[in-house]
Amino acid sequence: MLPPEITFIQRGWFNSNMVLLRGPRGTAVIDTGHLLDQNQTVDLIRQQGVEPETIRHIAITHGHSDHHGGNRLLKQLSGATIGMGATTAAWFARPEHGLLWADHLGQEMDIVPADVVYQPEQRLDLVGIPFQTIAIPGHAPDALAYYQPDTQTMICADAVWAGGDVGVLNTAVHGWGILDEAEAAVRRLRSYEVAVALPGHGGVITDWQGETAVLLERLARFRAQPAQLANHVVRRFLMYILLRYQPIGRAELTELALAGPWLRHYAPLCAPERTAEQLLTTLLDTFAERGLIRTENGLFVSQIKR
Ligand SMILES: [Zn+2]
């Protein structure tokens, strides 16, 4: 399904997926997972028959902590250059912890500055393989997709996930305008011929028009009913915290969830009559009912792959 020069490494939901490129000028990787799992990142690349020391270039799709956490280690091992969109590079240089959600979720992040900066809608040569960048604001205002025209391969980051899903739209940080941006980005992406799409999380997408049509319907529901958007955000942020800190007890999880601004912000949107603590209890009950978490010795453990 994928051309031989492109390898998709699907990871769990705490780490971004990775894409390995084997081109005429060596090997490159797109996105590198979370800092906390940087050794696993290196192992996964080695398991694909690529020595991490030989990587020539690292490209990232956006600045969230789960997409560039392996950059420091991989660069140390290989001397690879690091490329990213101009906005991400600017945010890294300042650094813009708030816009990168580092403050929002209390996430560990190790920022390595850009060696190469890409513009949107730019033709790009990654280790001898031609790509085109596409601006995909919404989930992350700085995000870029990478499109390989000959093989019609779309690396779409968190703008489109399988099942018509999308990375959370964090209106608390970026405002409600990102709903319009996300929709415009999906429409722009749909204008490309795509044989296979490789998202930032979850599995590959082959029915590009079908899955993106489902996503457009989801975005329309978010617009019509902000509670749906808020529920989408809180479920994913809570699962992210679970994956980060598991095994974790209810009291500690509650403390962590209430320490960041997101739960207090979104809880009234989800259900105005319930407090943030009550919402959290409901969310955990729902996770348990759906088999997404289990309890071990009184501690929550996620059933979702980290
Ligand atoms: Zn992201």
# chains A, B, ... in the order shown; residues from 1 in each chain; ligands from 1
>>> residues_around(residues="Gly12 of chain A", least_positions_apart="3", cutoff="9 Å", atoms="only C-alpha atoms", output="MDAnalysis selection string")
chainID A and resid 15:17 201:202 304:306
>>> write_last_selection(atoms="C-alpha atoms", output="PDB file, in the first residue's frame")
ATOM      1  CA  ASN A  15       3.521   9.511  21.204  1.00  0.00           C
ATOM      2  CA  SER A  16       2.948  10.724  17.675  1.00  0.00           C
ATOM      3  CA  ASN A  17       3.289   8.280  14.820  1.00  0.00           C
ATOM      4  CA  HIS A 201      -2.062   9.292  15.690  1.00  0.00           C
ATOM      5  CA  GLY A 202      -4.047   6.160  14.876  1.00  0.00           C
ATOM      6  CA  ILE A 304      -5.283   2.466  25.177  1.00  0.00           C
ATOM      7  CA  LYS A 305      -1.816   1.941  23.758  1.00  0.00           C
ATOM      8  CA  ARG A 306       0.643   4.540  25.037  1.00  0.00           C
TER       9      ARG A 306
END
>>> residues_around(residues="segment 139-150 of chain A", least_positions_apart="5", cutoff="9 Å", atoms="only C-alpha atoms", output="PyMOL selection string")
chain A and resi 60-64+84-88+91+99-100+118-120+124+129-134+155-159+166-170+174+178-179+181-182+189+192-194
>>> select_by_dssp(residues="segment 49-285 of chain A", states="strand (DSSP E)", output="VMD selection string")
chain A and resid 55 to 59 81 to 85 116 to 118 123 to 126 129 to 135 144 to 148 153 to 157 196 to 199
>>> write_last_selection(atoms="N, CA and C atoms", output="short mmCIF file (atom, residue, chain, number, x, y, z; two decimals), in the first residue's frame")
data_model
loop_
_atom_site.label_atom_id
_atom_site.label_comp_id
_atom_site.auth_asym_id
_atom_site.auth_seq_id
_atom_site.Cartn_x
_atom_site.Cartn_y
_atom_site.Cartn_z
N ILE A 55 20.55 9.01 10.25
CA ILE A 55 19.46 9.92 9.83
C ILE A 55 20.03 11.27 9.45
N ARG A 56 19.61 11.74 8.29
CA ARG A 56 20.15 13.00 7.77
C ARG A 56 19.29 14.20 8.17
N HIS A 57 17.97 13.95 8.26
CA HIS A 57 17.08 15.08 8.45
C HIS A 57 15.86 14.66 9.27
N ILE A 58 15.42 15.58 10.11
CA ILE A 58 14.19 15.40 10.90
C ILE A 58 13.24 16.53 10.51
N ALA A 59 12.02 16.17 10.15
CA ALA A 59 11.00 17.20 9.90
C ALA A 59 9.87 16.98 10.90
N THR A 81 19.90 17.50 10.57
CA THR A 81 19.30 18.82 10.62
C THR A 81 17.81 18.67 10.96
N ILE A 82 17.24 19.73 11.50
CA ILE A 82 15.82 19.70 11.89
C ILE A 82 15.07 20.78 11.12
N GLY A 83 13.99 20.36 10.45
CA GLY A 83 13.17 21.29 9.69
C GLY A 83 11.76 21.37 10.25
N MET A 84 11.16 22.55 10.14
CA MET A 84 9.79 22.76 10.63
C MET A 84 9.21 24.00 9.98
N GLY A 85 7.91 24.17 10.13
CA GLY A 85 7.26 25.35 9.59
C GLY A 85 7.79 26.61 10.24
N VAL A 116 16.30 24.34 9.53
CA VAL A 116 15.69 24.65 8.24
C VAL A 116 14.24 25.06 8.50
N VAL A 117 13.80 26.09 7.81
CA VAL A 117 12.42 26.56 8.01
C VAL A 117 11.65 26.42 6.71
N TYR A 118 10.44 25.86 6.81
CA TYR A 118 9.59 25.69 5.63
C TYR A 118 8.47 26.72 5.66
N ARG A 123 7.48 23.68 -2.16
CA ARG A 123 8.05 22.41 -2.63
C ARG A 123 9.28 22.13 -1.80
N LEU A 124 9.42 20.86 -1.44
CA LEU A 124 10.43 20.49 -0.46
C LEU A 124 11.14 19.25 -0.96
N ASP A 125 12.42 19.16 -0.72
CA ASP A 125 13.17 17.96 -1.06
C ASP A 125 13.64 17.34 0.25
N LEU A 126 13.06 16.19 0.61
CA LEU A 126 13.48 15.51 1.84
C LEU A 126 14.29 14.28 1.44
N ILE A 129 13.52 13.01 -1.92
CA ILE A 129 12.12 12.71 -2.25
C ILE A 129 11.35 14.04 -2.24
N PRO A 130 10.63 14.32 -3.36
CA PRO A 130 9.91 15.60 -3.41
C PRO A 130 8.64 15.59 -2.55
N PHE A 131 8.45 16.65 -1.84
CA PHE A 131 7.24 16.84 -1.02
C PHE A 131 6.72 18.25 -1.25
N GLN A 132 5.48 18.44 -0.83
CA GLN A 132 4.91 19.78 -0.79
C GLN A 132 4.33 20.00 0.59
N THR A 133 4.56 21.17 1.16
CA THR A 133 3.96 21.49 2.46
C THR A 133 2.57 22.08 2.24
N ILE A 134 1.67 21.78 3.17
CA ILE A 134 0.31 22.34 3.13
C ILE A 134 -0.02 22.86 4.53
N ALA A 135 -0.42 24.10 4.63
CA ALA A 135 -0.81 24.65 5.93
C ALA A 135 -2.09 23.99 6.41
N LEU A 144 1.87 21.82 9.66
CA LEU A 144 2.04 21.58 8.23
C LEU A 144 1.78 20.12 7.93
N ALA A 145 1.11 19.85 6.80
CA ALA A 145 1.06 18.51 6.25
C ALA A 145 2.15 18.40 5.19
N TYR A 146 2.58 17.17 4.93
CA TYR A 146 3.59 16.92 3.90
C TYR A 146 2.99 15.97 2.88
N TYR A 147 2.96 16.42 1.62
CA TYR A 147 2.33 15.64 0.56
C TYR A 147 3.38 15.20 -0.45
N GLN A 148 3.37 13.90 -0.75
CA GLN A 148 4.30 13.34 -1.73
C GLN A 148 3.48 13.09 -3.01
N THR A 153 0.91 10.29 -1.34
CA THR A 153 0.96 10.00 0.09
C THR A 153 0.83 11.31 0.86
N MET A 154 -0.14 11.35 1.77
CA MET A 154 -0.40 12.56 2.55
C MET A 154 -0.04 12.31 4.01
N ILE A 155 0.92 13.07 4.52
CA ILE A 155 1.25 13.00 5.94
C ILE A 155 0.50 14.16 6.60
N CYS A 156 -0.63 13.81 7.25
CA CYS A 156 -1.61 14.85 7.59
C CYS A 156 -1.64 15.22 9.07
N ALA A 157 -0.64 14.73 9.84
CA ALA A 157 -0.50 15.12 11.24
C ALA A 157 -1.82 14.93 12.00
N VAL A 196 -3.01 7.18 0.08
CA VAL A 196 -2.89 6.78 1.48
C VAL A 196 -2.49 8.00 2.30
N ALA A 197 -3.14 8.13 3.46
CA ALA A 197 -2.81 9.23 4.37
C ALA A 197 -2.28 8.66 5.67
N LEU A 198 -1.25 9.31 6.20
CA LEU A 198 -0.59 8.86 7.43
C LEU A 198 -0.80 9.93 8.50
N PRO A 199 -1.72 9.68 9.43
CA PRO A 199 -2.03 10.68 10.45
C PRO A 199 -1.00 10.68 11.59
#
>>> atom_distance(atom1="atom CA of Thr41 of chain A", atom2="atom CA of Gly70 of chain A")
6.5 Å
>>> residues_around(residues="segment 44-47 of chain A", least_positions_apart="6", cutoff="10 Å", atoms="only C-alpha atoms", output="number ranges by chain")
A: 7, 9-11, 18-20, 29, 32, 38, 53, 55
>>> write_last_selection(atoms="C-alpha atoms", output="PDB file, in the first residue's frame")
ATOM      1  CA  THR A   7       7.617   3.574   6.226  1.00  0.00           C
ATOM      2  CA  ILE A   9       5.567   3.648  12.358  1.00  0.00           C
ATOM      3  CA  GLN A  10       2.270   3.662  14.223  1.00  0.00           C
ATOM      4  CA  ARG A  11       2.584   4.357  17.918  1.00  0.00           C
ATOM      5  CA  MET A  18       6.512   8.550  12.828  1.00  0.00           C
ATOM      6  CA  VAL A  19       7.270   8.356   9.120  1.00  0.00           C
ATOM      7  CA  LEU A  20      10.632   7.123   7.883  1.00  0.00           C
ATOM      8  CA  VAL A  29      12.134  10.945   9.831  1.00  0.00           C
ATOM      9  CA  THR A  32       9.693  11.839  16.727  1.00  0.00           C
ATOM     10  CA  GLN A  38      12.818   9.088  23.311  1.00  0.00           C
ATOM     11  CA  GLU A  53      23.054   7.482  13.574  1.00  0.00           C
ATOM     12  CA  ILE A  55      19.465   9.916   9.835  1.00  0.00           C
TER      13      ILE A  55
END
>>> residues_around(residues="Gly69 of chain A", least_positions_apart="2", cutoff="8 Å", atoms="only C-alpha atoms", output="PyMOL selection string")
chain A and resi 32-38+65-67+71-72+109-110
>>> select_by_dssp(residues="segment 159-250 of chain A", states="helix (DSSP H, G or I)", output="number ranges by chain")
A: 171-174, 177-190, 208-224, 226-245, 250
>>> write_last_selection(atoms="C-alpha atoms", output="PDB file, in the first residue's frame")
ATOM      1  CA  THR A 171     -10.525  26.750  21.656  1.00  0.00           C
ATOM      2  CA  ALA A 172      -9.526  27.750  25.216  1.00  0.00           C
ATOM      3  CA  VAL A 173      -6.050  28.606  23.929  1.00  0.00           C
ATOM      4  CA  HIS A 174      -6.670  29.549  20.309  1.00  0.00           C
ATOM      5  CA  GLY A 177     -11.927  30.740  15.023  1.00  0.00           C
ATOM      6  CA  ILE A 178      -9.903  27.520  14.852  1.00  0.00           C
ATOM      7  CA  LEU A 179     -13.106  25.664  13.956  1.00  0.00           C
ATOM      8  CA  ASP A 180     -13.247  27.644  10.712  1.00  0.00           C
ATOM      9  CA  GLU A 181      -9.539  27.068  10.173  1.00  0.00           C
ATOM     10  CA  ALA A 182      -9.820  23.328  10.783  1.00  0.00           C
ATOM     11  CA  GLU A 183     -12.702  23.073   8.316  1.00  0.00           C
ATOM     12  CA  ALA A 184     -10.840  25.091   5.682  1.00  0.00           C
ATOM     13  CA  ALA A 185      -7.766  22.912   6.193  1.00  0.00           C
ATOM     14  CA  VAL A 186      -9.792  19.719   5.657  1.00  0.00           C
ATOM     15  CA  ARG A 187     -11.340  21.168   2.490  1.00  0.00           C
ATOM     16  CA  ARG A 188      -7.872  22.129   1.252  1.00  0.00           C
ATOM     17  CA  LEU A 189      -6.564  18.628   2.010  1.00  0.00           C
ATOM     18  CA  ARG A 190      -9.540  17.074   0.173  1.00  0.00           C
ATOM     19  CA  TRP A 208      -9.544   9.844   1.912  1.00  0.00           C
ATOM     20  CA  GLN A 209     -12.731  11.431   0.536  1.00  0.00           C
ATOM     21  CA  GLY A 210     -14.952   9.267   2.726  1.00  0.00           C
ATOM     22  CA  GLU A 211     -13.097   9.807   6.006  1.00  0.00           C
ATOM     23  CA  THR A 212     -12.649  13.529   5.486  1.00  0.00           C
ATOM     24  CA  ALA A 213     -16.377  13.858   4.674  1.00  0.00           C
ATOM     25  CA  VAL A 214     -17.142  12.250   8.058  1.00  0.00           C
ATOM     26  CA  LEU A 215     -14.740  14.688   9.689  1.00  0.00           C
ATOM     27  CA  LEU A 216     -16.501  17.665   8.078  1.00  0.00           C
ATOM     28  CA  GLU A 217     -19.765  16.402   9.585  1.00  0.00           C
ATOM     29  CA  ARG A 218     -18.082  16.150  12.986  1.00  0.00           C
ATOM     30  CA  LEU A 219     -16.785  19.724  12.689  1.00  0.00           C
ATOM     31  CA  ALA A 220     -20.293  20.901  11.781  1.00  0.00           C
ATOM     32  CA  ARG A 221     -21.595  19.222  14.966  1.00  0.00           C
ATOM     33  CA  PHE A 222     -18.865  20.962  16.991  1.00  0.00           C
ATOM     34  CA  ARG A 223     -20.038  24.255  15.556  1.00  0.00           C
ATOM     35  CA  ALA A 224     -23.730  23.590  16.215  1.00  0.00           C
ATOM     36  CA  PRO A 226     -20.104  23.498  21.539  1.00  0.00           C
ATOM     37  CA  ALA A 227     -20.719  20.847  24.240  1.00  0.00           C
ATOM     38  CA  GLN A 228     -19.703  18.205  21.683  1.00  0.00           C
ATOM     39  CA  LEU A 229     -16.421  19.969  21.031  1.00  0.00           C
ATOM     40  CA  ALA A 230     -15.821  20.403  24.768  1.00  0.00           C
ATOM     41  CA  ASN A 231     -16.500  16.713  25.426  1.00  0.00           C
ATOM     42  CA  HIS A 232     -14.108  15.755  22.634  1.00  0.00           C
ATOM     43  CA  VAL A 233     -11.395  17.891  24.232  1.00  0.00           C
ATOM     44  CA  VAL A 234     -11.825  16.766  27.841  1.00  0.00           C
ATOM     45  CA  ARG A 235     -11.979  13.037  26.975  1.00  0.00           C
ATOM     46  CA  ARG A 236      -8.726  13.251  25.056  1.00  0.00           C
ATOM     47  CA  PHE A 237      -6.880  15.466  27.522  1.00  0.00           C
ATOM     48  CA  LEU A 238      -7.924  13.208  30.397  1.00  0.00           C
ATOM     49  CA  MET A 239      -6.747  10.122  28.519  1.00  0.00           C
ATOM     50  CA  TYR A 240      -3.480  11.898  27.769  1.00  0.00           C
ATOM     51  CA  ILE A 241      -2.904  12.561  31.482  1.00  0.00           C
ATOM     52  CA  LEU A 242      -3.778   8.944  32.255  1.00  0.00           C
ATOM     53  CA  LEU A 243      -1.259   7.705  29.698  1.00  0.00           C
ATOM     54  CA  ARG A 244       1.365  10.060  31.107  1.00  0.00           C
ATOM     55  CA  TYR A 245       0.948   9.261  34.804  1.00  0.00           C
ATOM     56  CA  ARG A 250      -8.345   8.914  41.657  1.00  0.00           C
TER      57      ARG A 250
END
>>> atom_distance(atom1="atom CA of Asp285 of chain A", atom2="atom CA of Trp101 of chain A")
26.6 Å
>>> closest_residue(among="A:Pro3, A:Gly26, A:Gly98, A:Gly200", to="ligand 1", atoms="only C-alpha atoms and all ligand atoms")
A:Gly200
>>> closest_residue(among="A:Thr254, A:Gln246, A:Thr275, A:Gln40", to="Glu296 of chain A", atoms="only C-alpha atoms")
A:Gln246
>>> closest_residue(among="A:Ile136, A:Leu21, A:Leu73, A:Ile111", to="ligand 1", atoms="only C-alpha atoms and all ligand atoms")
A:Ile136
>>> atom_distance(atom1="atom CA of Leu258 of chain A", atom2="atom CA of Ala276 of chain A")
7.7 Å
>>> decode(residues="segment 193-280 of chain A", atoms="C-alpha atoms", output="mmCIF file, in the first residue's frame")
data_model
loop_
_atom_site.group_PDB
_atom_site.id
_atom_site.type_symbol
_atom_site.label_atom_id
_atom_site.label_comp_id
_atom_site.auth_asym_id
_atom_site.auth_seq_id
_atom_site.Cartn_x
_atom_site.Cartn_y
_atom_site.Cartn_z
ATOM 1 C CA GLU A 193 -5.417 13.098 -4.791
ATOM 2 C CA VAL A 194 -4.570 10.846 -1.852
ATOM 3 C CA ALA A 195 -3.946 7.104 -2.134
ATOM 4 C CA VAL A 196 -2.893 6.776 1.481
ATOM 5 C CA ALA A 197 -2.807 9.234 4.369
ATOM 6 C CA LEU A 198 -0.587 8.864 7.426
ATOM 7 C CA PRO A 199 -2.029 10.681 10.453
ATOM 8 C CA GLY A 200 -0.192 11.839 13.562
ATOM 9 C CA HIS A 201 -2.062 9.292 15.690
ATOM 10 C CA GLY A 202 -4.047 6.160 14.876
ATOM 11 C CA GLY A 203 -4.026 4.055 11.733
ATOM 12 C CA VAL A 204 -3.553 4.812 8.044
ATOM 13 C CA ILE A 205 -6.402 6.235 5.969
ATOM 14 C CA THR A 206 -7.134 4.891 2.501
ATOM 15 C CA ASP A 207 -10.677 6.223 1.917
ATOM 16 C CA TRP A 208 -9.544 9.844 1.912
ATOM 17 C CA GLN A 209 -12.731 11.431 0.536
ATOM 18 C CA GLY A 210 -14.952 9.267 2.726
ATOM 19 C CA GLU A 211 -13.097 9.807 6.006
ATOM 20 C CA THR A 212 -12.649 13.529 5.486
ATOM 21 C CA ALA A 213 -16.377 13.858 4.674
ATOM 22 C CA VAL A 214 -17.142 12.250 8.058
ATOM 23 C CA LEU A 215 -14.740 14.688 9.689
ATOM 24 C CA LEU A 216 -16.501 17.665 8.078
ATOM 25 C CA GLU A 217 -19.765 16.402 9.585
ATOM 26 C CA ARG A 218 -18.082 16.150 12.986
ATOM 27 C CA LEU A 219 -16.785 19.724 12.689
ATOM 28 C CA ALA A 220 -20.293 20.901 11.781
ATOM 29 C CA ARG A 221 -21.595 19.222 14.966
ATOM 30 C CA PHE A 222 -18.865 20.962 16.991
ATOM 31 C CA ARG A 223 -20.038 24.255 15.556
ATOM 32 C CA ALA A 224 -23.730 23.590 16.215
ATOM 33 C CA GLN A 225 -23.166 22.159 19.690
ATOM 34 C CA PRO A 226 -20.104 23.498 21.539
ATOM 35 C CA ALA A 227 -20.719 20.847 24.240
ATOM 36 C CA GLN A 228 -19.703 18.205 21.683
ATOM 37 C CA LEU A 229 -16.421 19.969 21.031
ATOM 38 C CA ALA A 230 -15.821 20.403 24.768
ATOM 39 C CA ASN A 231 -16.500 16.713 25.426
ATOM 40 C CA HIS A 232 -14.108 15.755 22.634
ATOM 41 C CA VAL A 233 -11.395 17.891 24.232
ATOM 42 C CA VAL A 234 -11.825 16.766 27.841
ATOM 43 C CA ARG A 235 -11.979 13.037 26.975
ATOM 44 C CA ARG A 236 -8.726 13.251 25.056
ATOM 45 C CA PHE A 237 -6.880 15.466 27.522
ATOM 46 C CA LEU A 238 -7.924 13.208 30.397
ATOM 47 C CA MET A 239 -6.747 10.122 28.519
ATOM 48 C CA TYR A 240 -3.480 11.898 27.769
ATOM 49 C CA ILE A 241 -2.904 12.561 31.482
ATOM 50 C CA LEU A 242 -3.778 8.944 32.255
ATOM 51 C CA LEU A 243 -1.259 7.705 29.698
ATOM 52 C CA ARG A 244 1.365 10.060 31.107
ATOM 53 C CA TYR A 245 0.948 9.261 34.804
ATOM 54 C CA GLN A 246 -0.530 5.744 34.933
ATOM 55 C CA PRO A 247 -0.916 3.838 37.182
ATOM 56 C CA ILE A 248 -2.573 6.665 39.028
ATOM 57 C CA GLY A 249 -5.135 6.931 41.841
ATOM 58 C CA ARG A 250 -8.345 8.914 41.657
ATOM 59 C CA ALA A 251 -7.200 11.605 44.103
ATOM 60 C CA GLU A 252 -3.912 12.250 42.333
ATOM 61 C CA LEU A 253 -5.571 12.230 38.913
ATOM 62 C CA THR A 254 -8.205 14.696 40.112
ATOM 63 C CA GLU A 255 -5.517 16.976 41.491
ATOM 64 C CA LEU A 256 -3.563 16.872 38.217
ATOM 65 C CA ALA A 257 -6.645 17.419 36.069
ATOM 66 C CA LEU A 258 -7.734 20.398 38.147
ATOM 67 C CA ALA A 259 -4.212 21.875 38.257
ATOM 68 C CA GLY A 260 -4.256 22.724 34.531
ATOM 69 C CA PRO A 261 -6.712 25.278 33.150
ATOM 70 C CA TRP A 262 -8.393 22.970 30.627
ATOM 71 C CA LEU A 263 -10.852 21.041 32.802
ATOM 72 C CA ARG A 264 -12.148 24.153 34.574
ATOM 73 C CA HIS A 265 -12.470 25.874 31.209
ATOM 74 C CA TYR A 266 -14.309 23.117 29.343
ATOM 75 C CA ALA A 267 -16.402 21.629 32.169
ATOM 76 C CA PRO A 268 -19.112 24.354 32.073
ATOM 77 C CA LEU A 269 -19.340 23.896 28.290
ATOM 78 C CA CYS A 270 -19.766 20.128 28.669
ATOM 79 C CA ALA A 271 -22.440 20.333 31.334
ATOM 80 C CA PRO A 272 -23.209 23.674 33.004
ATOM 81 C CA GLU A 273 -24.967 21.998 35.943
ATOM 82 C CA ARG A 274 -21.978 19.906 36.976
ATOM 83 C CA THR A 275 -18.741 20.932 38.674
ATOM 84 C CA ALA A 276 -15.377 20.044 37.129
ATOM 85 C CA GLU A 277 -14.952 17.321 39.781
ATOM 86 C CA GLN A 278 -18.354 15.821 38.936
ATOM 87 C CA LEU A 279 -17.544 15.868 35.243
ATOM 88 C CA LEU A 280 -14.271 14.087 35.940
#
